[in-house]
Structures are given as structure tokens and as C-alpha cells.
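Participant: Just one file: run_11.txt, with compact mmCIF, C-alpha atoms and all ligand atoms.
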# COMPACT_ATOMS: atom_id res chain seq x y z
CA MET A 17 -4.33 6.86 15.95
CA GLY A 18 -6.15 5.26 18.92
CA HIS A 19 -3.78 3.56 21.38
CA GLY A 20 -0.76 4.10 19.20
CA TRP A 21 0.70 2.07 16.38
CA GLU A 22 2.69 -0.27 18.61
CA GLY A 23 -0.39 -1.29 20.61
CA VAL A 24 -2.21 -2.01 17.41
CA VAL A 25 0.68 -4.13 16.18
CA LEU A 26 0.72 -6.27 19.33
CA LYS A 27 -2.99 -6.94 19.22
CA LEU A 28 -2.79 -7.84 15.56
CA MET A 29 -0.02 -10.40 16.01
CA ARG A 30 -2.63 -12.91 17.26
CA GLY A 31 -4.61 -12.96 14.03
CA ARG A 32 -8.38 -12.62 14.17
CA ASP A 33 -11.30 -13.15 11.86
CA PHE A 34 -13.97 -10.62 10.93
CA THR A 35 -16.82 -10.31 8.44
CA PHE A 36 -17.10 -7.05 6.51
CA THR A 37 -20.33 -5.82 4.90
CA VAL A 38 -20.37 -3.66 1.78
CA THR A 39 -22.27 -0.37 2.10
CA GLY A 40 -21.48 1.01 -1.36
CA ALA A 41 -18.90 1.22 -4.14
CA GLU A 42 -17.44 3.78 -6.54
CA GLN A 43 -15.72 3.21 -9.86
CA VAL A 44 -12.79 5.65 -9.50
CA THR A 45 -11.28 4.92 -12.93
CA ASP A 46 -11.98 2.12 -15.41
CA THR A 47 -9.40 -0.05 -13.57
CA PHE A 48 -9.64 1.16 -9.97
CA ARG A 49 -12.63 0.62 -7.70
CA ARG A 50 -13.31 1.77 -4.13
CA VAL A 51 -15.59 -0.37 -1.96
CA HIS A 52 -17.00 0.99 1.32
CA LEU A 53 -17.48 -1.46 4.21
CA THR A 54 -18.49 -1.82 7.82
CA ASP A 55 -15.71 -3.48 9.77
CA GLY A 56 -17.44 -6.29 11.70
CA GLY A 57 -15.83 -5.03 14.94
CA LEU A 58 -12.25 -4.99 13.62
CA LEU A 59 -11.28 -1.42 14.57
CA ALA A 60 -12.78 -1.72 18.06
CA ALA A 61 -10.84 -4.95 18.60
CA THR A 62 -7.54 -3.43 17.46
CA GLY A 63 -7.99 -0.09 19.20
CA GLY A 64 -7.45 1.84 15.98
CA ALA A 65 -5.42 1.63 12.82
CA HIS A 66 -1.85 2.27 11.75
CA PRO A 67 -0.50 3.53 8.42
CA THR A 68 -0.35 0.87 5.67
CA MET A 69 -2.58 -1.45 7.77
CA ARG A 70 -3.67 -4.44 5.71
CA VAL A 71 -6.16 -7.25 6.03
CA ARG A 72 -6.11 -10.69 4.47
CA VAL A 73 -9.42 -10.99 2.69
CA TRP A 74 -10.97 -14.29 1.59
CA PHE A 75 -12.51 -14.33 -1.90
CA GLU A 76 -14.40 -17.31 -3.36
CA GLN A 77 -13.71 -18.44 -6.90
CA GLY A 78 -14.24 -21.85 -8.48
CA GLY A 79 -15.62 -23.11 -5.17
CA LYS A 80 -12.33 -22.37 -3.37
CA PRO A 81 -11.27 -19.59 -0.97
CA HIS A 82 -8.39 -17.34 -2.10
CA GLN A 83 -6.66 -15.06 0.41
CA ARG A 84 -5.43 -11.65 -0.80
CA GLY A 85 -3.91 -8.65 1.02
CA TYR A 86 -5.75 -5.30 0.96
CA THR A 87 -5.05 -2.00 2.71
CA LEU A 88 -7.51 -0.14 4.93
CA VAL A 89 -8.47 3.22 3.44
CA ASP A 90 -9.72 5.97 5.79
CA PRO A 91 -10.42 3.66 8.74
CA ASP A 92 -12.92 5.30 11.12
CA PRO A 93 -12.83 3.50 14.49
CA GLU A 94 -15.85 5.41 15.86
CA ALA A 95 -18.07 4.56 12.93
CA GLY A 96 -16.54 1.08 12.48
CA THR A 97 -16.00 1.66 8.77
CA PHE A 98 -13.26 1.82 6.15
CA SER A 99 -12.90 1.43 2.41
CA LEU A 100 -10.82 -0.89 0.27
CA GLU A 101 -9.39 0.25 -3.06
CA PHE A 102 -8.86 -2.36 -5.76
CA ALA A 103 -6.45 -2.06 -8.69
CA LEU A 104 -8.47 -4.20 -11.09
CA HIS A 105 -7.15 -6.99 -13.32
CA ASP A 106 -8.26 -10.64 -13.64
CA GLY A 107 -8.38 -12.54 -10.36
CA PRO A 108 -10.71 -13.58 -7.54
CA ALA A 109 -10.27 -10.33 -5.57
CA SER A 110 -10.68 -8.05 -8.58
CA ASN A 111 -13.67 -10.01 -9.83
CA TRP A 112 -15.36 -9.77 -6.42
CA ALA A 113 -14.70 -6.00 -6.29
CA ARG A 114 -16.13 -5.42 -9.77
CA GLY A 115 -19.49 -6.81 -8.68
CA ALA A 116 -19.49 -5.63 -5.04
CA LYS A 117 -22.75 -4.00 -3.98
CA ALA A 118 -24.40 -2.94 -0.72
CA GLY A 119 -25.24 -5.93 1.49
CA ASP A 120 -22.48 -8.24 0.17
CA THR A 121 -20.21 -9.71 2.85
CA VAL A 122 -16.61 -10.88 2.82
CA ASP A 123 -14.47 -12.57 5.49
CA ALA A 124 -11.02 -11.38 6.50
CA THR A 125 -8.20 -12.35 8.83
CA LEU A 126 -5.98 -9.88 10.60
CA GLN A 127 -2.46 -11.20 10.81
CA GLY A 128 1.03 -9.92 10.32
CA THR A 129 0.21 -6.28 9.76
CA GLY A 130 2.34 -3.69 11.49
CA PHE A 131 4.21 -0.51 10.87
CA THR A 132 6.57 1.75 12.79
CA LEU A 133 8.60 4.63 11.51
CA PRO A 134 12.15 4.54 12.85
CA GLU A 135 13.31 6.92 15.56
CA PRO A 136 14.52 9.56 15.12
CA ARG A 137 11.68 10.24 12.71
CA PRO A 138 12.77 10.53 9.07
CA GLY A 139 13.23 14.01 7.67
CA ARG A 140 12.62 12.83 4.10
CA LEU A 141 10.57 10.03 2.54
CA PHE A 142 11.30 8.23 -0.71
CA VAL A 143 8.35 6.10 -1.79
CA ILE A 144 8.11 3.68 -4.71
CA GLY A 145 4.77 2.09 -5.52
CA ASP A 146 1.98 1.41 -7.98
CA ALA A 147 -1.81 1.14 -8.09
CA ALA A 148 -1.89 -1.86 -5.72
CA SER A 149 0.11 0.02 -3.10
CA LEU A 150 -1.51 3.44 -3.64
CA PRO A 151 -3.76 3.03 -0.56
CA ALA A 152 -0.67 2.27 1.55
CA VAL A 153 1.32 5.12 -0.05
CA ASN A 154 -1.52 7.54 0.71
CA SER A 155 -1.79 6.35 4.32
CA LEU A 156 1.94 6.85 4.76
CA LEU A 157 1.81 10.41 3.37
CA ASP A 158 -1.25 11.15 5.54
CA ALA A 159 0.60 9.95 8.67
CA VAL A 160 3.47 12.44 8.26
CA PRO A 161 1.90 15.14 6.09
CA GLU A 162 4.64 17.73 6.47
CA THR A 163 7.55 15.41 5.77
CA PRO A 164 8.99 16.06 2.31
CA ALA A 165 8.37 13.04 0.10
CA THR A 166 9.44 11.98 -3.38
CA VAL A 167 7.13 9.36 -4.88
CA TRP A 168 7.83 7.21 -7.95
CA PHE A 169 4.56 5.66 -9.08
CA GLU A 170 4.47 3.00 -11.78
CA THR A 171 1.50 3.39 -14.16
CA VAL A 172 -0.01 0.78 -16.47
CA HIS A 173 -3.15 2.44 -17.87
CA ALA A 174 -3.59 5.98 -19.22
CA SER A 175 -6.28 6.46 -16.55
CA ASP A 176 -3.73 5.81 -13.76
CA GLU A 177 -2.86 9.51 -13.98
CA ARG A 178 -6.30 10.20 -12.50
CA LEU A 179 -5.89 7.89 -9.49
CA PRO A 180 -6.57 9.47 -6.07
CA PHE A 181 -3.01 10.49 -5.15
CA ARG A 182 -2.96 12.30 -1.81
CA VAL A 183 0.00 14.42 -2.74
CA ASP A 184 0.40 17.95 -1.48
CA PRO A 185 2.49 20.00 -3.92
CA ASP A 186 4.01 21.93 -0.99
CA HIS A 187 5.64 18.78 0.43
CA HIS A 188 5.50 16.01 -2.15
CA THR A 189 6.96 15.38 -5.60
CA LEU A 190 5.19 12.75 -7.70
CA HIS A 191 6.91 11.04 -10.64
CA LEU A 192 4.62 8.93 -12.83
CA VAL A 193 6.68 6.19 -14.50
CA PRO A 194 5.07 4.00 -17.18
CA ARG A 195 5.53 0.26 -16.56
CA ARG A 196 7.95 -1.05 -19.16
CA ASP A 197 10.10 -4.18 -19.36
CA ALA A 198 8.42 -5.80 -16.35
CA GLY A 199 9.45 -3.02 -13.99
CA ALA A 200 13.02 -2.51 -15.28
CA HIS A 201 12.19 1.02 -16.45
CA LEU A 202 11.04 1.98 -12.94
CA VAL A 203 14.23 0.52 -11.47
CA ALA A 204 16.31 2.55 -13.95
CA GLU A 205 14.43 5.78 -13.16
CA VAL A 206 14.92 5.32 -9.42
CA LYS A 207 18.59 4.43 -9.82
CA ALA A 208 19.15 7.53 -11.95
CA ALA A 209 17.56 9.92 -9.45
CA LEU A 210 17.77 8.55 -5.92
CA PRO A 211 21.53 8.82 -5.21
CA LYS A 212 21.53 12.51 -6.19
CA LEU A 213 18.43 13.20 -4.09
CA LEU A 214 19.87 11.41 -1.07
CA GLY A 215 23.06 13.45 -1.32
CA ALA A 216 26.12 12.91 0.84
CA ASP A 217 24.17 12.50 4.10
CA SER A 218 21.25 10.06 3.86
CA SER A 219 20.84 9.59 7.61
CA ASP A 220 17.45 11.40 7.68
CA ALA A 221 15.99 9.40 4.77
CA TYR A 222 13.40 6.61 4.86
CA VAL A 223 12.72 4.50 1.78
CA TRP A 224 9.42 2.62 1.39
CA ILE A 225 8.99 0.22 -1.54
CA ALA A 226 5.91 -1.80 -2.60
CA CYS A 227 5.70 -2.81 -6.26
CA ASP A 228 5.57 -6.26 -7.87
CA THR A 229 7.69 -8.84 -6.03
CA SER A 230 10.64 -8.89 -8.40
CA THR A 231 10.91 -5.10 -8.85
CA THR A 232 10.59 -4.68 -5.09
CA ARG A 233 13.38 -7.18 -4.45
CA THR A 234 15.69 -5.48 -6.98
CA LEU A 235 15.07 -2.00 -5.57
CA ALA A 236 15.38 -3.09 -1.93
CA ALA A 237 18.72 -4.79 -2.63
CA TYR A 238 19.94 -1.68 -4.46
CA VAL A 239 19.01 0.69 -1.64
CA ARG A 240 20.39 -1.54 1.12
CA LYS A 241 23.54 -2.87 -0.54
CA GLU A 242 24.61 -0.23 -3.06
CA LEU A 243 23.30 2.91 -1.37
CA ARG A 244 24.03 1.40 2.07
CA LEU A 245 20.93 2.59 3.86
CA PRO A 246 20.50 0.83 7.22
CA ARG A 247 17.81 -1.88 7.53
CA ASP A 248 15.55 0.21 9.75
CA ARG A 249 15.54 2.99 7.13
CA VAL A 250 14.20 0.76 4.34
CA GLN A 251 10.82 -0.96 4.28
CA ALA A 252 10.13 -3.19 1.27
CA LEU A 253 7.32 -5.65 0.55
CA GLY A 254 6.25 -7.10 -2.81
CA TYR A 255 2.51 -6.48 -3.26
CA TRP A 256 1.76 -8.72 -6.25
CA ARG A 257 3.27 -11.46 -8.37
CA PRO A 258 3.57 -10.77 -12.13
C1 LIG B 301 0.31 -5.98 2.29
C2 LIG B 301 -0.44 -5.90 0.98
C3 LIG B 301 -1.42 -4.94 0.80
C4 LIG B 301 -2.09 -4.84 -0.43
N1 LIG B 301 -3.03 -3.87 -0.60
C5 LIG B 301 -3.67 -3.74 -1.79
C6 LIG B 301 -4.67 -2.74 -1.99
O1 LIG B 301 -5.04 -2.00 -1.07
N2 LIG B 301 -5.24 -2.63 -3.23
C7 LIG B 301 -4.87 -3.47 -4.27
O2 LIG B 301 -5.41 -3.33 -5.37
N3 LIG B 301 -3.95 -4.44 -4.10
C8 LIG B 301 -3.35 -4.60 -2.89
N4 LIG B 301 -2.42 -5.58 -2.70
C9 LIG B 301 -2.10 -6.44 -3.86
C10 LIG B 301 -3.12 -7.57 -4.06
O3 LIG B 301 -3.19 -8.38 -2.89
C11 LIG B 301 -2.66 -8.40 -5.28
O4 LIG B 301 -2.64 -7.61 -6.43
C12 LIG B 301 -3.51 -9.64 -5.49
O5 LIG B 301 -2.76 -10.52 -6.27
C13 LIG B 301 -4.83 -9.36 -6.21
O6 LIG B 301 -5.57 -10.54 -6.22
P1 LIG B 301 -6.50 -11.00 -7.42
O7 LIG B 301 -7.30 -12.15 -6.89
O8 LIG B 301 -7.25 -9.82 -7.98
O9 LIG B 301 -5.51 -11.49 -8.57
P2 LIG B 301 -4.56 -12.81 -8.56
O10 LIG B 301 -5.40 -14.04 -8.65
O11 LIG B 301 -3.61 -12.75 -7.42
O12 LIG B 301 -3.76 -12.60 -9.92
C14 LIG B 301 -4.40 -12.77 -11.18
C15 LIG B 301 -3.52 -12.22 -12.29
O13 LIG B 301 -3.41 -10.81 -12.13
C16 LIG B 301 -2.05 -10.41 -11.99
N5 LIG B 301 -2.02 -9.36 -10.97
C17 LIG B 301 -2.27 -9.49 -9.64
N6 LIG B 301 -2.16 -8.29 -9.02
C18 LIG B 301 -1.82 -7.40 -9.97
C19 LIG B 301 -1.58 -6.01 -9.97
N7 LIG B 301 -1.66 -5.29 -8.84
N8 LIG B 301 -1.28 -5.39 -11.13
C20 LIG B 301 -1.21 -6.10 -12.28
N9 LIG B 301 -1.43 -7.42 -12.38
C21 LIG B 301 -1.73 -8.07 -11.23
C22 LIG B 301 -1.28 -11.66 -11.57
O14 LIG B 301 0.04 -11.65 -12.04
C23 LIG B 301 -2.08 -12.77 -12.25
O15 LIG B 301 -1.66 -12.92 -13.59
C24 LIG B 301 -1.75 -5.73 -1.49
C25 LIG B 301 -0.80 -6.72 -1.28
C26 LIG B 301 -0.13 -6.80 -0.07
C27 LIG B 301 0.92 -7.86 0.12
Written as C-alpha cells, how would this file's structure read?
Ligand SMILES: Cc1cc2nc3c(=O)[nH]c(=O)nc-3n(C[C@H](O)[C@H](O)[C@H](O)COP(=O)(O)OP(=O)(O)OC[C@H]3O[C@@H](n4cnc5c(N)ncnc54)[C@H](O)[C@@H]3O)c2cc1C
Facilitator:
Amino acid sequence: MGHGWEGVVLKLMRGRDFTFTVTGAEQVTDTFRRVHLTDGGLLAATGGAHPTMRVRVWFEQGGKPHQRGYTLVDPDPEAGTFSLEFALHDGPASNWARGAKAGDTVDATLQGTGFTLPEPRPGRLFVIGDAASLPAVNSLLDAVPETPATVWFETVHASDERLPFRVDPDHHTLHLVPRRDAGAHLVAEVKAALPKLLGADSSDAYVWIACDTSTTRTLAAYVRKELRLPRDRVQALGYWRP
């Protein structure tokens, strides 16, 4: 983790621009693509990476730049490389990823990324995400590999069951939940299970939520207000707008 997550966060607050170069790409499923890149000096400038670290990437479409958030996958500060994983739909970022090939370049700004687990460290993780947040979910599980985690993952396509989940059956429980009623089914599943899993003493729990904006807002309000988890034990950020 280089100079530690906090050091990375401080350096990133300034916001900096980099150009990434594609070195290759893999079609992981029909709707999920991994693109390998060199980092244009990003990881040397930040002194490393932190879990869930994201960049704001600029994609051209219709003659205009569009900025979209993407999560670093397997950042390697020594090699100056990482990958980006794209949940594909219709949009400037997805369209760029579909055609990405070695030699292509893309610009990115580093701003506003950051992540710290609360102290004392959580004894249990509860994670709610989908294909867009899978890279962040995986980086979180990688950061604390022995911490028991329950993951609810919203699926849209049949092939989502074959996505590259970094779950270890010894420590992690993965629930695949089909997206229905614009996320309401996921909310219902979490509400049905989470209180029982938290039990009477939730002081060792940490809840991390990144789904579409409205589902994220609903779940974050539920966990904070109804289940009364303290603010520093809940991290929630909407990853995409339906
Ligand atoms: C901090 C952060 C990190 C992120 N990391 C990643 C990442 O690593 N990988 C990743 O794939 N995404 C990630 N996202 C989400 C990504 O930025 C959005 O999905 C973005 O909208 C995609 O841009 P686009 O140009 O492809 O589509 P847009 O032009 O934004 O949207 C086009 C259409 O597609 C729909 N749409 C957009 N995203 C999704 C989606 N995920 N599922 C279904 N429909 C969608 C929109 O509602 C719209 O109708 C992250 C977001 C944040 C905030």
C-alpha cells in the first residue's frame, strides 16, 4: 500500500491530470470488459493506491468530453500499470471501452478519491454493489481478506453470474440478487436479511454501499436511520444514474 492510504488521500485532494495508454483488453463477459493501461505516472505521483481508488476519465463523444468515474483494478506502482473494468451499456465510456485497443490513449483527472476504514477495524463487512462497483468491491475484499464479509450483488444479465468476484468461500458469502423494480427488490432482500445478521451488537460492523444513486440513497438512509449504525461505520456512494 505504498505510503499508506492517508498519504495517498492527501496527495489526491489536489487533483491532477494524467494520460493513460491502453496495452490490451479482454472481453470478460458479453457485457463486462477489462482494459489494461499504463498509468502516465499516476501511481508514482500518488505514492501508491488505496482500496476503491477511482479516477475521473474523460471520454469523447459527439465532439464533447464526458467525465466518468472508474476504479483502479490491480494497480501496480512499480510497473506503473493498472486495469479498468467496464460494465457495458450505452454511453461514452462504455462505447470507448468496447473499441479500446493497444496504443489508444485516454485522459483522466485524479480528484476526490479517498478511503479509510474506521478504527477500531471492522470485524464484519456488509457490502452491497453491482457490476459498476464490482472493481471497488473486489479491492475492498482484497484489502481485508480475512474479515468475514456478506455481499449482496445486483445482477442484470445472466452472464453476471460469471463476473470476476474475488470471494473466498472461507470468509465471504455472496448473494446474487436479480435487478427488479429499479432496485426495490435488492432493497427488500437487504432489509430482510441485514438486521438478523447484524444481531444485537452491530458495533463491529461496517456497511459499504455502491449501487445506482436512488437504491444507494434508500439503503444508506435505512442503515443509518433505522438500523442506527454510526456515520463512520457506513460508506455509501451512488455509482450510476438510472
Ligand atoms: C466512484 C465511482 C467509481 C466507478 N467505478 C466504475 C468501474 O470501475 N466500472 C464501471 O463499469 N463503472 C464504474 N462507475 C460507474 C460509471 O461511472 C457509470 O456507470 C457511468 O455512468 C458510465 O458512463 P457511460 O458513459 O458508459 O454511460 P452514461 O452516458 O453515463 O449513461 C448512459 C446510459 O446508461 C445507463 N447506465 C450508466 N451506467 C450504468 C450501469 N452501471 N448499469 C446500467 N445502466 C447504466 C444510464 O442510466 C444511461 O441511460 C463508477 C462510478 C463512481 C461514482
Participant: Between A:Arg257, A:Arg137, A:Lys117, A:Arg72, which has the minimum distance to ligand LIG 301 (chain B) (counting only C-alpha atoms and all ligand atoms)?
Facilitator: A:Arg257
Participant: Dump the neighbourhood of ligand LIG 301 (chain B) as a ChimeraX atom specification: all residues within 10 Å, distances computed on all atoms listed in the file.
Facilitator: /A:47-50,68-77,82-89,99-113,128-130,146-153,171-172,226-229,253-258
Participant: Please indicate the distance in Å from CA of Ser218 (chain A) to CA of His201 (chain A), rounded to one decimal place.
Facilitator: 24.0 Å
Participant: By how many Å are CA of Arg196 (chain A) and CA of Val143 (chain A) apart?
Facilitator: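 One can read the CA of Arg196 (chain A) to CA of Val143 (chain A) distance as 18.8 Å.
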Participant: If we count only C-alpha atoms and set the cut-off at 10 Å, which residues sit around Asp90 (chain A), ignoring sequence neighbours fewer than 6 positions away in its own chain? Please answer as a ChimeraX atom specification.
Facilitator: /A:52,65,67,97-100,151,154-155,158
Participant: Considering only C-alpha atoms, can you say which of A:Leu179, A:Val223, A:Ala41, A:Ala95 comes closest to Phe142 (chain A)?
Facilitator: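 Closest to Phe142 (chain A), using only C-alpha atoms: A:Val223.
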Participant: Using only C-alpha atoms, which protein or nucleic acid residues come within 9 Å of Asp186 (chain A)? Drop anything in the same chain fewer than 3 positions from it, and give the result as a PDB file with C-alpha atoms, in the coordinates of the input.
Facilitator:
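Below you can see selection_20.pdb, which holds the result:
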ATOM      1  CA  GLU A 162       4.640  17.730   6.470  1.00  0.00           C
ATOM      2  CA  PRO A 164       8.990  16.060   2.310  1.00  0.00           C
ATOM      3  CA  VAL A 183       0.000  14.420  -2.740  1.00  0.00           C
ATOM      4  CA  THR A 189       6.960  15.380  -5.600  1.00  0.00           C
TER       5      THR A 189
END
Participant: Which one is closest to Gly57 (chain A): A:Ala236, A:Leu245, A:Leu157, A:Leu126? Count all atoms listed in the file.
Facilitator: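 Result for the nearest residue to Gly57 (chain A): A:Leu126.
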Participant: Which of these, A:Val122, A:Phe36, A:Pro93, A:Arg182, has the shortest distance to Pro81 (chain A) once you count only C-alpha atoms?
Facilitator: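 So, comparing all the options, the nearest one is A:Val122.
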Participant: CA of Arg247 (chain A) and CA of Arg195 (chain A), how far apart in Å?
Facilitator: 27.1 Å
Participant: Name the closest residue to Gln127 (chain A) among the candidates A:Leu210, A:Val51, A:Leu58, A:Ala198; distances are taken between atoms, counting only C-alpha atoms.
Facilitator: A:Leu58
Participant: Name the closest residue to Ala252 (chain A) among the candidates A:Phe181, A:Trp224, A:Phe131, A:Tyr238; distances are taken between atoms, counting all atoms listed in the file.
Facilitator: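 Among the listed residues, A:Trp224 lies closest to Ala252 (chain A).
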Participant: Show which residues sit within 10 Å of region 134-136 of chain A, as JSON, numbers by chain. Count all atoms listed in the file, and ignore same-chain residues fewer than 3 positions away.
Facilitator: {"A": [131, 139, 219, 220, 222, 248, 249, 250]}
Participant: May I have the residues from that selection written out with C-alpha atoms, as a PDB file, in the frame of the given file?
Facilitator:
ATOM      1  CA  PHE A 131       4.210  -0.510  10.870  1.00  0.00           C
ATOM      2  CA  GLY A 139      13.230  14.010   7.670  1.00  0.00           C
ATOM      3  CA  SER A 219      20.840   9.590   7.610  1.00  0.00           C
ATOM      4  CA  ASP A 220      17.450  11.400   7.680  1.00  0.00           C
ATOM      5  CA  TYR A 222      13.400   6.610   4.860  1.00  0.00           C
ATOM      6  CA  ASP A 248      15.550   0.210   9.750  1.00  0.00           C
ATOM      7  CA  ARG A 249      15.540   2.990   7.130  1.00  0.00           C
ATOM      8  CA  VAL A 250      14.200   0.760   4.340  1.00  0.00           C
TER       9      VAL A 250
END
Participant: Could you pull the residues within 12 Å of Ala174 (chain A), counting only C-alpha atoms, minus those fewer than 4 positions along the same chain, as a short mmCIF file (atom, residue, chain, number, x, y, z; two decimals) with C-alpha atoms, in the coordinates of the input?
Facilitator:
data_model
loop_
_atom_site.label_atom_id
_atom_site.label_comp_id
_atom_site.auth_asym_id
_atom_site.auth_seq_id
_atom_site.Cartn_x
_atom_site.Cartn_y
_atom_site.Cartn_z
CA THR A 45 -11.28 4.92 -12.93
CA ASP A 46 -11.98 2.12 -15.41
CA THR A 47 -9.40 -0.05 -13.57
CA GLU A 170 4.47 3.00 -11.78
CA ARG A 178 -6.30 10.20 -12.50
CA LEU A 179 -5.89 7.89 -9.49
CA LEU A 192 4.62 8.93 -12.83
CA VAL A 193 6.68 6.19 -14.50
CA PRO A 194 5.07 4.00 -17.18
CA ARG A 195 5.53 0.26 -16.56
#
